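As structure tokens, the structure follows; a few thoughts come after it.
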There are 2 protein chains.
Amino acid sequence: MSELPAPPRHMTPEEFRRHGHAVIDWLADYMARVETLPVLSRVEPGAVRAALPPAPPEHGESFADCLADVERIVVPGLTHWQHPRFLAYFPANASGPSILGELLSAGLGVQGMLWATSPACTELETHVMDWLADMLGLPAQFRSSSTGGGVIQDTASSSALVAMLAARERATGGAANAEGARQPLVAYTSTEAHSSILKGVRIAGIGERNLRLVPTTSDRAMDAEALGRMIEADRAAGLLPFFVSATIGTTSTGAIDPVPAIAALGRRHGLWVHVDAAHAGPAALVPELRWTHDGLDTVDSYCFNPHKWMLTNFDCDCFWVADRAALIGALSVLPEYLRNRATESGAVIDYRDWQVQLGRRFRALKLWLVIRHYGVEGLRAHVRHHVALTRWLTAAIDADPDFERVGAAPLTLVCFRLRGDDDRNQALLDAVNEGGETYITHTRVDGRLVLRIAVGATSTEHRHVEQAWEVIRTRARALGAA
Amino acid sequence: MSELPAPPRHMTPEEFRRHGHAVIDWLADYMARVETLPVLSRVEPGAVRAALPPAPPEHGESFADCLADVERIVVPGLTHWQHPRFLAYFPANASGPSILGELLSAGLGVQGMLWATSPACTELETHVMDWLADMLGLPAQFRSSSTGGGVIQDTASSSALVAMLAARERATGGAANAEGARQPLVAYTSTEAHSSILKGVRIAGIGERNLRLVPTTSDRAMDAEALGRMIEADRAAGLLPFFVSATIGTTSTGAIDPVPAIAALGRRHGLWVHVDAAHAGPAALVPELRWTHDGLDTVDSYCFNPHKWMLTNFDCDCFWVADRAALIGALSVLPEYLRNRATESGAVIDYRDWQVQLGRRFRALKLWLVIRHYGVEGLRAHVRHHVALTRWLTAAIDADPDFERVGAAPLTLVCFRLRGDDDRNQALLDAVNEGGETYITHTRVDGRLVLRIAVGATSTEHRHVEQAWEVIRTRARALGAA
């Protein structure tokens with residue numbers, strides 16, 4: 001076979017061992033030093049690209065050179081989400097066991113689109129999702145042993161989309177998949193809900209005009225009475241209300257929608273009730289905060305993101321559905337090249353029918369390792385620790401006459417503002433973030449600029465919250481009197 | 001602060017170093033021994049779950065115990081996609097540099113939803129996508145310096161969906177996003193196209209009934225003349241043809257649609273032309289196979305999956321669009337909590353507007369490391385090596401009177417059958433896969449069961465293809481005469 005061209009220079013297992021150790025060492029060092037780096041990247045637009053060669057390399061380069069460029073070019077262009085004083089957006093917290101789970105998943109490189117393409121990939125996922133349903137006290141119908149089950153999606157956006165698709169098909173008797181979304185469908189969520197609901201309504205061909213943004217009460221939670229009136233008005237107008245998304249812990253201010261009342265309206269009017277607890281989900285791990293999840297007993301679907309506040313690197317969104325047949329009915333397509341005996345036996349789950357994509361990696365490994373490393377008590381301690389840090393911060397804000405708090409802070413998101421106008425708050429936000437010691441973001445409440453602090457990076461401890469608060473106070477004083 | 005609860009027992013940087021080295025060593029050993037494992041998992045449904053504790057652990061466990069369970073419980077439940085005799089479906093080939101890139105991405109744990117949330121994450125992606133456009137000889141309008149640009153999606157399913165959404169909005173002047181997919185939109189693809197097109201048409205609210213499956217010519221490529229007639233008939237009926245998806249390398253048989261003729265019809269009738277080269281894309285790296293990509297000059301979007309045949313672990317789908325404004329117009333939603341100066345300056349790309357999801361991990365790192373490790377010449381050698389192995393196999397099948405080949409095999413997918421009926425071919429397929437030495441899958445062509453071999457696992461060399469072919473011949477002989 002001398003005429004066959006040679007294979008390329010692959011990285012051998014022994015080279016992988018050597019370079020892999022170097023990457024692990026580099027990451028261990030990064031974890032140890034990330035606290036010393038400016039949280040928010042200071043590069044200007046175009047600076048990273050300017051440091052890269054305009055053309056790809058013709059010849060292979062050494063891995064050591066690549067790792068050196070990660071340090072030289074990439075790190076200065078990063079905003080460090082794993083920094084203990086990263087307090088912006090919601091966290092995307094990672095942990096050692098989750099990173100190593102992702103590494104194993106990448107290295108094994110198996111596909112979990114069908115049970116048959118790697119049974120452990122599917123079965124471990126079903127099992128871990130049942131474990132989590134126990135841990136969060138989710139209702140029985142979300143278990144795989146009942147009518148429903150759990151699946152790992154990439155993000156809460158995808159969960160909302162597939163929930164909406166299942167709801168759309170249920171409401172139209174399958175007609176939307178078959179004929180297109182021609183019916184006068186109407187969806188509901190609050191004015192404070194995440195942008196993914198609007199994006200989902202667009203994608204699913206429902207149309208923005210057919211998404212009703214329900215007003216909120218003074219706590220910025222959905223006004224369930226207003227929801228009821230809107231549903232009735234739409235029904236009276238001959239429209240077809242089919243879906244409502246409630247939020248436990250809104251992105252803007254952490255508000256908690258009244259899920260029991262929303263679920264009751266959903267039952268009465270035949271709407272699919274989806275609950276998005278993307279950030280707040282882990283609160284249900286601890287008995288004293290499980291009230292945040294009241295009312296899930298009769299909802300149709302629920303999701304939360306371990307990649308936000310449960311120590312699992314992005315992406316990892318856990319989605320449960322009470323009636324898996326509705327979900328599969330909306331998403332299943334079975335071409336010949338995917339047919340196999342296990343699928344046809346009906347004895348297995350094929351997760352490709354639970355998501356938008358066909359392919360899927362070994363998603364459950366990292367979540368399994370996180371749960372096993374920490375144990376349920378460790379995850380509870382994690383939640384209690386961050387909630388306590390947030391309560392400390394909340395008390396500090398309340399005690400400072402220069403600041404006013406905005407809304408309740410039942411979990412780990414605090415909204416507040418410097419007394420004075422929006423310009424003053426914008427100036428404070430900019431000064432705090434340019435300093436590099438911490439990174440916070442903003443929102444608008446009742447038209448006013450409001451600052452947000454979300455505690456939740458894995459390594460955030462009390463001293464980091466204290467330091468960040470001191471930076472904010474110092475920068476505020478530097479602005480002078482209002 | 002003695003009243004604050006303690007943080008949980010995190011894995012320290014030094015523990016991460018130690019356990020990380022253990023995982024790297026385990027993976028290096030796995031790579032070295034995977035060839036000795038049965039390719040297709042032999043577990044029965046439920047066996048993996050039965051080996052797992054019914055309840056989650058209350059207390060944290062040691063990482064060594066977890067890794068031991070990966071070996072004991074997970075490995076027997078895997079079908080080994082990185083096995084050199086994995087010849088089923090399309091490959092999902094990984095490589096050392098890509099696995100280490102995924103590890104770095106997980107460890108850094110940054111978010112790339114906005115340029116501002118980690119500039120390097122966005123800029124490295126734009127840069128590598130421009131490199132790849134050069135490497136594949138894609139048209140100028142796909143470069144970020146022109147009207148278009150590239151973005152990394154998870155899978156080709158998501159690329160087809162976002163292409164369809166951009167097309168839908170362009171065809172309706174934005175009305176579908178606003179009002180819902182009420183217009184009489186019609187999409188086209190061939191009868192041999194991937195199931196993701198049908199799934200996308202359902203998701204986007206177009207409806208299955210409004211997807212025309214264009215017949216194929218004798219080579220199972222789309223019949224462009226038939227496409228033209230169907231578009232004209234739909235227009236004459238007052239419908240709105242808006243989208244056509246052509247395939248370079250179909251999943252079933254590797255057929256290559258006539259993209260130049262399809263693109264010309266798209267231009268004439270104002271359709272968005274999307275090209276799915278999920279598996280075949282890397283062929284364009286080598287000049288002698290670039291003909292497979294003829295006709296891309298005027299198409300609207302194109303994608304291929306480095307996670308299939310370009311040595312990058314799943315997920316990694318590269319998607320380019322000629323008019324990025326059309327894509328962003330279809331997918332952009334900007335809530336207050338995501339507003340920032342860089343976005344408002346217009347000087348940066350925010351990739352959240354190029355995809356379904358909001359969050360995104362540092363997707364480009366692994367692709368950058370793959371291109372740098374191999375160099376362009378190494379990736380060309382990879383393509384030429386696997387194509388040569390496939391030609392060897394094709395010649396061997398043609399030389400064997402017990403078998404007949406089905407269709408051309410221009411790249412790395414060969415379709416063939418044992419002479420005789422479907423039952424005989426099914427029996428051969430089962431016997432081959434139960435043996436564990438290799439794993440192949442099937443499809444149907446003209447109603448007949450046909451076997452498929454897709455060469456492309458990273459470590460597949462000539463001896464592996466020879467061994468697999470010998471197994472198939474031996475098992476065929478064992479079936480006795482037809």
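Identifiers in the structure tokens: chain A, B, ... in order shown; residue index from 1 per chain; ligand index from 1 in order shown.
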
Per residue of segment 78-184 of chain B within 7 Å of segment 198-220 of chain A, which atom pair is closest and at what distance in Å (one decimal), using only C-alpha atoms, listed by chain and increasing number, as a Markdown table?
| residue | atom | partner | partner_atom | distance |
| --- | --- | --- | --- | --- |
| B:Leu165 | CA | A:Ile203 | CA | 6.9 |
| B:Ala176 | CA | A:Gly207 | CA | 6.2 |
| B:Asn177 | CA | A:Arg202 | CA | 4.7 |
| B:Ala178 | CA | A:Glu208 | CA | 4.7 |
| B:Glu179 | CA | A:Gly207 | CA | 4.4 |
| B:Gly180 | CA | A:Gly207 | CA | 3.6 |
| B:Ala181 | CA | A:Gly205 | CA | 4.6 |

Residues of segment 56-175 of chain B in alpha helix (DSSP H) according to DSSP, as an MDAnalysis selection string?
chainID B and resid 63:69 96:108 119:136 156:172 175

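Using only C-alpha atoms, the protein and nucleic acid residues lying no more than 9 Å from segment 26-29 of chain A, apart from those fewer than 5 places from it along its own chain, are A:His21, A:Val34, A:Leu67, B:Thr12, B:Pro13, B:Glu14, B:Glu15, B:Phe16, B:Arg17, B:Gly20, B:Leu104, B:Gly107, B:Leu108.
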
Write to file, as a PDB file, in the first residue's frame, the residues of the selection just made, with N, CA and C atoms.
ATOM      1  N   HIS A  21      -1.103  17.480  30.638  1.00  0.00           N
ATOM      2  CA  HIS A  21      -0.607  17.882  31.960  1.00  0.00           C
ATOM      3  C   HIS A  21      -0.281  19.375  31.973  1.00  0.00           C
ATOM      4  N   VAL A  34      -6.441  34.044  39.272  1.00  0.00           N
ATOM      5  CA  VAL A  34      -7.455  34.835  38.574  1.00  0.00           C
ATOM      6  C   VAL A  34      -7.883  36.045  39.412  1.00  0.00           C
ATOM      7  N   LEU A  67      -0.082  27.324  23.636  1.00  0.00           N
ATOM      8  CA  LEU A  67      -0.425  27.632  25.028  1.00  0.00           C
ATOM      9  C   LEU A  67       0.160  28.992  25.438  1.00  0.00           C
TER      10      LEU A  67
ATOM     11  N   THR B  12      -9.719  22.338  45.336  1.00  0.00           N
ATOM     12  CA  THR B  12      -8.733  23.423  45.310  1.00  0.00           C
ATOM     13  C   THR B  12      -7.926  23.353  44.008  1.00  0.00           C
ATOM     14  N   PRO B  13      -7.228  24.436  43.660  1.00  0.00           N
ATOM     15  CA  PRO B  13      -6.362  24.371  42.464  1.00  0.00           C
ATOM     16  C   PRO B  13      -5.371  23.207  42.531  1.00  0.00           C
ATOM     17  N   GLU B  14      -4.825  22.920  43.703  1.00  0.00           N
ATOM     18  CA  GLU B  14      -3.860  21.813  43.788  1.00  0.00           C
ATOM     19  C   GLU B  14      -4.551  20.453  43.637  1.00  0.00           C
ATOM     20  N   GLU B  15      -5.756  20.340  44.184  1.00  0.00           N
ATOM     21  CA  GLU B  15      -6.514  19.091  43.967  1.00  0.00           C
ATOM     22  C   GLU B  15      -6.897  18.948  42.493  1.00  0.00           C
ATOM     23  N   PHE B  16      -7.261  20.084  41.886  1.00  0.00           N
ATOM     24  CA  PHE B  16      -7.603  20.052  40.462  1.00  0.00           C
ATOM     25  C   PHE B  16      -6.396  19.587  39.641  1.00  0.00           C
ATOM     26  N   ARG B  17      -5.218  20.060  40.014  1.00  0.00           N
ATOM     27  CA  ARG B  17      -4.006  19.656  39.302  1.00  0.00           C
ATOM     28  C   ARG B  17      -3.826  18.132  39.380  1.00  0.00           C
ATOM     29  N   GLY B  20      -6.780  16.346  37.685  1.00  0.00           N
ATOM     30  CA  GLY B  20      -6.691  16.638  36.253  1.00  0.00           C
ATOM     31  C   GLY B  20      -5.624  15.785  35.586  1.00  0.00           C
ATOM     32  N   LEU B 104      -9.593  23.908  27.927  1.00  0.00           N
ATOM     33  CA  LEU B 104      -9.289  25.314  28.215  1.00  0.00           C
ATOM     34  C   LEU B 104     -10.571  26.141  28.253  1.00  0.00           C
ATOM     35  N   GLY B 107     -12.347  25.429  31.461  1.00  0.00           N
ATOM     36  CA  GLY B 107     -11.631  25.947  32.627  1.00  0.00           C
ATOM     37  C   GLY B 107     -11.684  27.460  32.716  1.00  0.00           C
ATOM     38  N   LEU B 108     -11.592  28.140  31.580  1.00  0.00           N
ATOM     39  CA  LEU B 108     -11.682  29.600  31.596  1.00  0.00           C
ATOM     40  C   LEU B 108     -13.112  30.023  31.917  1.00  0.00           C
TER      41      LEU B 108
END

Neighbours of Leu451 of chain A within 6 Å (only C-alpha atoms; same-chain residues fewer than 4 positions away dropped), as number ranges by chain?
A: 415-417, 442

Let me make sure I understand: among A:Leu87, A:Met222, A:Leu52, A:Leu239, which one has the smallest atom-to-atom distance to Arg452 of chain A if we use only C-alpha atoms?
A:Leu87

Using only C-alpha atoms, which residues sit within 8 Å of segment 249-266 of chain B once same-chain residues fewer than 6 positions away are excluded, as JSON, numbers by chain?
{"A": [337], "B": [89, 90, 192, 193, 194, 219, 220, 221, 222, 223, 224, 227, 228, 272, 273, 275, 277, 278, 279, 280, 292, 293, 294, 295, 296, 298, 299, 407, 408, 409, 410, 411, 413, 414, 415, 443, 444, 452]}

Selection to disk with C-alpha atoms, as an mmCIF file, in the first residue's frame:
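Okay, again32.cif is ready:
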data_model
loop_
_atom_site.group_PDB
_atom_site.id
_atom_site.type_symbol
_atom_site.label_atom_id
_atom_site.label_comp_id
_atom_site.auth_asym_id
_atom_site.auth_seq_id
_atom_site.Cartn_x
_atom_site.Cartn_y
_atom_site.Cartn_z
ATOM 1 C CA TYR A 337 -30.395 5.976 8.687
ATOM 2 C CA TYR B 89 -23.137 7.073 10.608
ATOM 3 C CA PHE B 90 -20.695 9.874 9.929
ATOM 4 C CA GLU B 192 -32.323 12.708 0.275
ATOM 5 C CA ALA B 193 -31.689 15.748 2.521
ATOM 6 C CA HIS B 194 -31.041 15.485 6.239
ATOM 7 C CA ASP B 219 -27.121 9.748 -8.614
ATOM 8 C CA ARG B 220 -29.485 10.711 -5.764
ATOM 9 C CA ALA B 221 -28.612 14.403 -6.155
ATOM 10 C CA MET B 222 -31.379 16.979 -6.344
ATOM 11 C CA ASP B 223 -33.012 17.255 -9.767
ATOM 12 C CA ALA B 224 -32.578 20.980 -10.406
ATOM 13 C CA LEU B 227 -36.882 22.145 -8.500
ATOM 14 C CA GLY B 228 -37.414 24.857 -11.120
ATOM 15 C CA TRP B 272 -32.486 32.083 0.129
ATOM 16 C CA VAL B 273 -30.045 29.339 -0.859
ATOM 17 C CA VAL B 275 -25.863 24.768 1.485
ATOM 18 C CA ALA B 277 -21.884 20.367 3.678
ATOM 19 C CA ALA B 278 -21.928 19.086 7.250
ATOM 20 C CA HIS B 279 -19.754 16.073 6.560
ATOM 21 C CA ALA B 280 -18.158 16.847 3.180
ATOM 22 C CA THR B 292 -17.406 19.412 -4.632
ATOM 23 C CA HIS B 293 -18.007 23.029 -3.563
ATOM 24 C CA ASP B 294 -18.691 24.511 -7.005
ATOM 25 C CA GLY B 295 -21.422 27.105 -7.120
ATOM 26 C CA LEU B 296 -21.122 28.724 -3.700
ATOM 27 C CA THR B 298 -23.985 33.409 -4.968
ATOM 28 C CA VAL B 299 -25.500 31.309 -2.163
ATOM 29 C CA GLY B 407 -23.731 4.871 -6.091
ATOM 30 C CA ALA B 408 -20.494 6.783 -6.453
ATOM 31 C CA ALA B 409 -18.148 7.239 -3.489
ATOM 32 C CA PRO B 410 -16.323 10.475 -4.268
ATOM 33 C CA LEU B 411 -15.261 11.168 -0.687
ATOM 34 C CA LEU B 413 -18.752 7.255 2.359
ATOM 35 C CA VAL B 414 -19.254 3.971 0.504
ATOM 36 C CA CYS B 415 -22.661 2.344 0.069
ATOM 37 C CA THR B 443 -29.736 3.192 4.794
ATOM 38 C CA ARG B 444 -32.346 2.543 2.120
ATOM 39 C CA ARG B 452 -22.851 2.197 4.625
#

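For Asp130 of chain B, the list of residues within 9 Å, based on only C-alpha atoms and with local chain neighbours fewer than 4 positions off taken out, reads Pro54 and Ala55 of chain A; Glu125, Thr126, Asp134, Met135, Phe142, Arg143, Ser144, Ser145, Gly149 and Gly150 of chain B.
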
Within 10 Å of Gly281 of chain A using only C-alpha atoms, minus same-chain residues under 2 positions, as a PyMOL selection string:
chain A and resi 136+248-249+276-279+283-285+290+292-293+302-306+308-310+318

I need the residues from that last selection saved to file as a PDB file, in the first residue's frame (with N, CA and C atoms), if you can.
ATOM      1  N   LEU A 136     -34.412  18.632  44.221  1.00  0.00           N
ATOM      2  CA  LEU A 136     -35.137  19.903  44.169  1.00  0.00           C
ATOM      3  C   LEU A 136     -36.585  19.754  44.616  1.00  0.00           C
ATOM      4  N   ILE A 248     -39.061  32.129  37.922  1.00  0.00           N
ATOM      5  CA  ILE A 248     -38.635  32.141  39.321  1.00  0.00           C
ATOM      6  C   ILE A 248     -37.247  32.761  39.330  1.00  0.00           C
ATOM      7  N   GLY A 249     -37.195  34.058  39.666  1.00  0.00           N
ATOM      8  CA  GLY A 249     -35.917  34.765  39.660  1.00  0.00           C
ATOM      9  C   GLY A 249     -35.654  35.448  38.328  1.00  0.00           C
ATOM     10  N   ASP A 276     -39.436  29.023  34.200  1.00  0.00           N
ATOM     11  CA  ASP A 276     -38.015  29.267  33.971  1.00  0.00           C
ATOM     12  C   ASP A 276     -37.378  29.725  35.285  1.00  0.00           C
ATOM     13  N   ALA A 277     -36.588  28.816  35.870  1.00  0.00           N
ATOM     14  CA  ALA A 277     -35.857  29.146  37.108  1.00  0.00           C
ATOM     15  C   ALA A 277     -34.362  29.092  36.819  1.00  0.00           C
ATOM     16  N   ALA A 278     -33.987  29.608  35.642  1.00  0.00           N
ATOM     17  CA  ALA A 278     -32.622  29.434  35.131  1.00  0.00           C
ATOM     18  C   ALA A 278     -31.580  29.690  36.209  1.00  0.00           C
ATOM     19  N   HIS A 279     -31.679  30.837  36.860  1.00  0.00           N
ATOM     20  CA  HIS A 279     -30.698  31.155  37.886  1.00  0.00           C
ATOM     21  C   HIS A 279     -31.092  30.637  39.266  1.00  0.00           C
ATOM     22  N   ALA A 283     -31.861  27.186  44.604  1.00  0.00           N
ATOM     23  CA  ALA A 283     -32.438  27.571  45.898  1.00  0.00           C
ATOM     24  C   ALA A 283     -33.317  26.451  46.448  1.00  0.00           C
ATOM     25  N   ALA A 284     -33.948  25.694  45.546  1.00  0.00           N
ATOM     26  CA  ALA A 284     -34.852  24.630  46.004  1.00  0.00           C
ATOM     27  C   ALA A 284     -34.109  23.465  46.648  1.00  0.00           C
ATOM     28  N   LEU A 285     -32.792  23.476  46.578  1.00  0.00           N
ATOM     29  CA  LEU A 285     -32.017  22.430  47.262  1.00  0.00           C
ATOM     30  C   LEU A 285     -32.134  22.541  48.773  1.00  0.00           C
ATOM     31  N   ARG A 290     -37.203  26.471  49.679  1.00  0.00           N
ATOM     32  CA  ARG A 290     -37.988  25.722  48.696  1.00  0.00           C
ATOM     33  C   ARG A 290     -39.309  26.407  48.367  1.00  0.00           C
ATOM     34  N   THR A 292     -39.578  29.117  47.167  1.00  0.00           N
ATOM     35  CA  THR A 292     -39.417  29.804  45.875  1.00  0.00           C
ATOM     36  C   THR A 292     -39.984  28.969  44.731  1.00  0.00           C
ATOM     37  N   HIS A 293     -40.117  27.656  44.964  1.00  0.00           N
ATOM     38  CA  HIS A 293     -40.591  26.754  43.908  1.00  0.00           C
ATOM     39  C   HIS A 293     -42.028  26.283  44.139  1.00  0.00           C
ATOM     40  N   TYR A 302     -40.405  22.758  33.326  1.00  0.00           N
ATOM     41  CA  TYR A 302     -39.614  23.544  34.271  1.00  0.00           C
ATOM     42  C   TYR A 302     -38.160  23.412  33.856  1.00  0.00           C
ATOM     43  N   CYS A 303     -37.385  24.481  33.998  1.00  0.00           N
ATOM     44  CA  CYS A 303     -35.943  24.353  33.752  1.00  0.00           C
ATOM     45  C   CYS A 303     -35.138  25.218  34.708  1.00  0.00           C
ATOM     46  N   PHE A 304     -33.905  24.794  34.951  1.00  0.00           N
ATOM     47  CA  PHE A 304     -32.932  25.657  35.632  1.00  0.00           C
ATOM     48  C   PHE A 304     -31.548  25.319  35.075  1.00  0.00           C
ATOM     49  N   ASN A 305     -30.611  26.235  35.298  1.00  0.00           N
ATOM     50  CA  ASN A 305     -29.275  26.116  34.718  1.00  0.00           C
ATOM     51  C   ASN A 305     -28.211  25.836  35.776  1.00  0.00           C
ATOM     52  N   PRO A 306     -27.776  24.592  35.912  1.00  0.00           N
ATOM     53  CA  PRO A 306     -26.600  24.355  36.756  1.00  0.00           C
ATOM     54  C   PRO A 306     -25.395  25.191  36.306  1.00  0.00           C
ATOM     55  N   LYS A 308     -25.411  28.261  35.764  1.00  0.00           N
ATOM     56  CA  LYS A 308     -25.422  29.588  36.369  1.00  0.00           C
ATOM     57  C   LYS A 308     -24.937  29.508  37.815  1.00  0.00           C
ATOM     58  N   TRP A 309     -25.645  28.733  38.624  1.00  0.00           N
ATOM     59  CA  TRP A 309     -25.367  28.821  40.069  1.00  0.00           C
ATOM     60  C   TRP A 309     -25.281  27.443  40.705  1.00  0.00           C
ATOM     61  N   MET A 310     -24.899  26.414  39.917  1.00  0.00           N
ATOM     62  CA  MET A 310     -24.703  25.112  40.544  1.00  0.00           C
ATOM     63  C   MET A 310     -23.399  24.468  40.089  1.00  0.00           C
ATOM     64  N   CYS A 318     -31.028  22.165  32.719  1.00  0.00           N
ATOM     65  CA  CYS A 318     -31.827  20.974  33.032  1.00  0.00           C
ATOM     66  C   CYS A 318     -33.302  21.286  32.819  1.00  0.00           C
TER      67      CYS A 318
END

Taking a cut-off of 8 Å and counting only C-alpha atoms, can you build a table that, for each residue of segment 86-183 of chain B near segment 348-361 of chain A, reports the nearest atom pair and how far apart they are in Å (one decimal), sorted by chain then residue number, as CSV?
residue,atom,partner,partner_atom,distance
B:Thr155,CA,A:Gln357,CA,6.5
B:Ser157,CA,A:Gln357,CA,5.4
B:Ser158,CA,A:Gln357,CA,6.4

Include N, CA and C atoms and write out the residues we just selected as a compact mmCIF listing (two decimals), in the first residue's frame.
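Output contents, as saved in part23.txt:
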# COMPACT_ATOMS: atom_id res chain seq x y z
N THR B 155 -24.66 22.64 15.86
CA THR B 155 -24.84 21.58 14.87
C THR B 155 -25.38 22.17 13.56
N SER B 157 -28.05 21.29 12.26
CA SER B 157 -29.49 21.50 12.46
C SER B 157 -29.76 22.96 12.83
N SER B 158 -28.95 23.49 13.73
CA SER B 158 -29.13 24.88 14.16
C SER B 158 -28.80 25.84 13.03

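Secondary structure of segment 49-206 of chain A, strand (DSSP E) only (DSSP, backbone atoms): A:Gly149, A:Gly150, A:Val151, A:Ile152, A:Gln153, A:Leu185, A:Val186, A:Ala187, A:Tyr188, A:Thr189, A:Ser190.
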
Any idea what the distance is between atom CA of Ala167 of chain A and atom CA of Trp131 of chain A?
26.0 Å
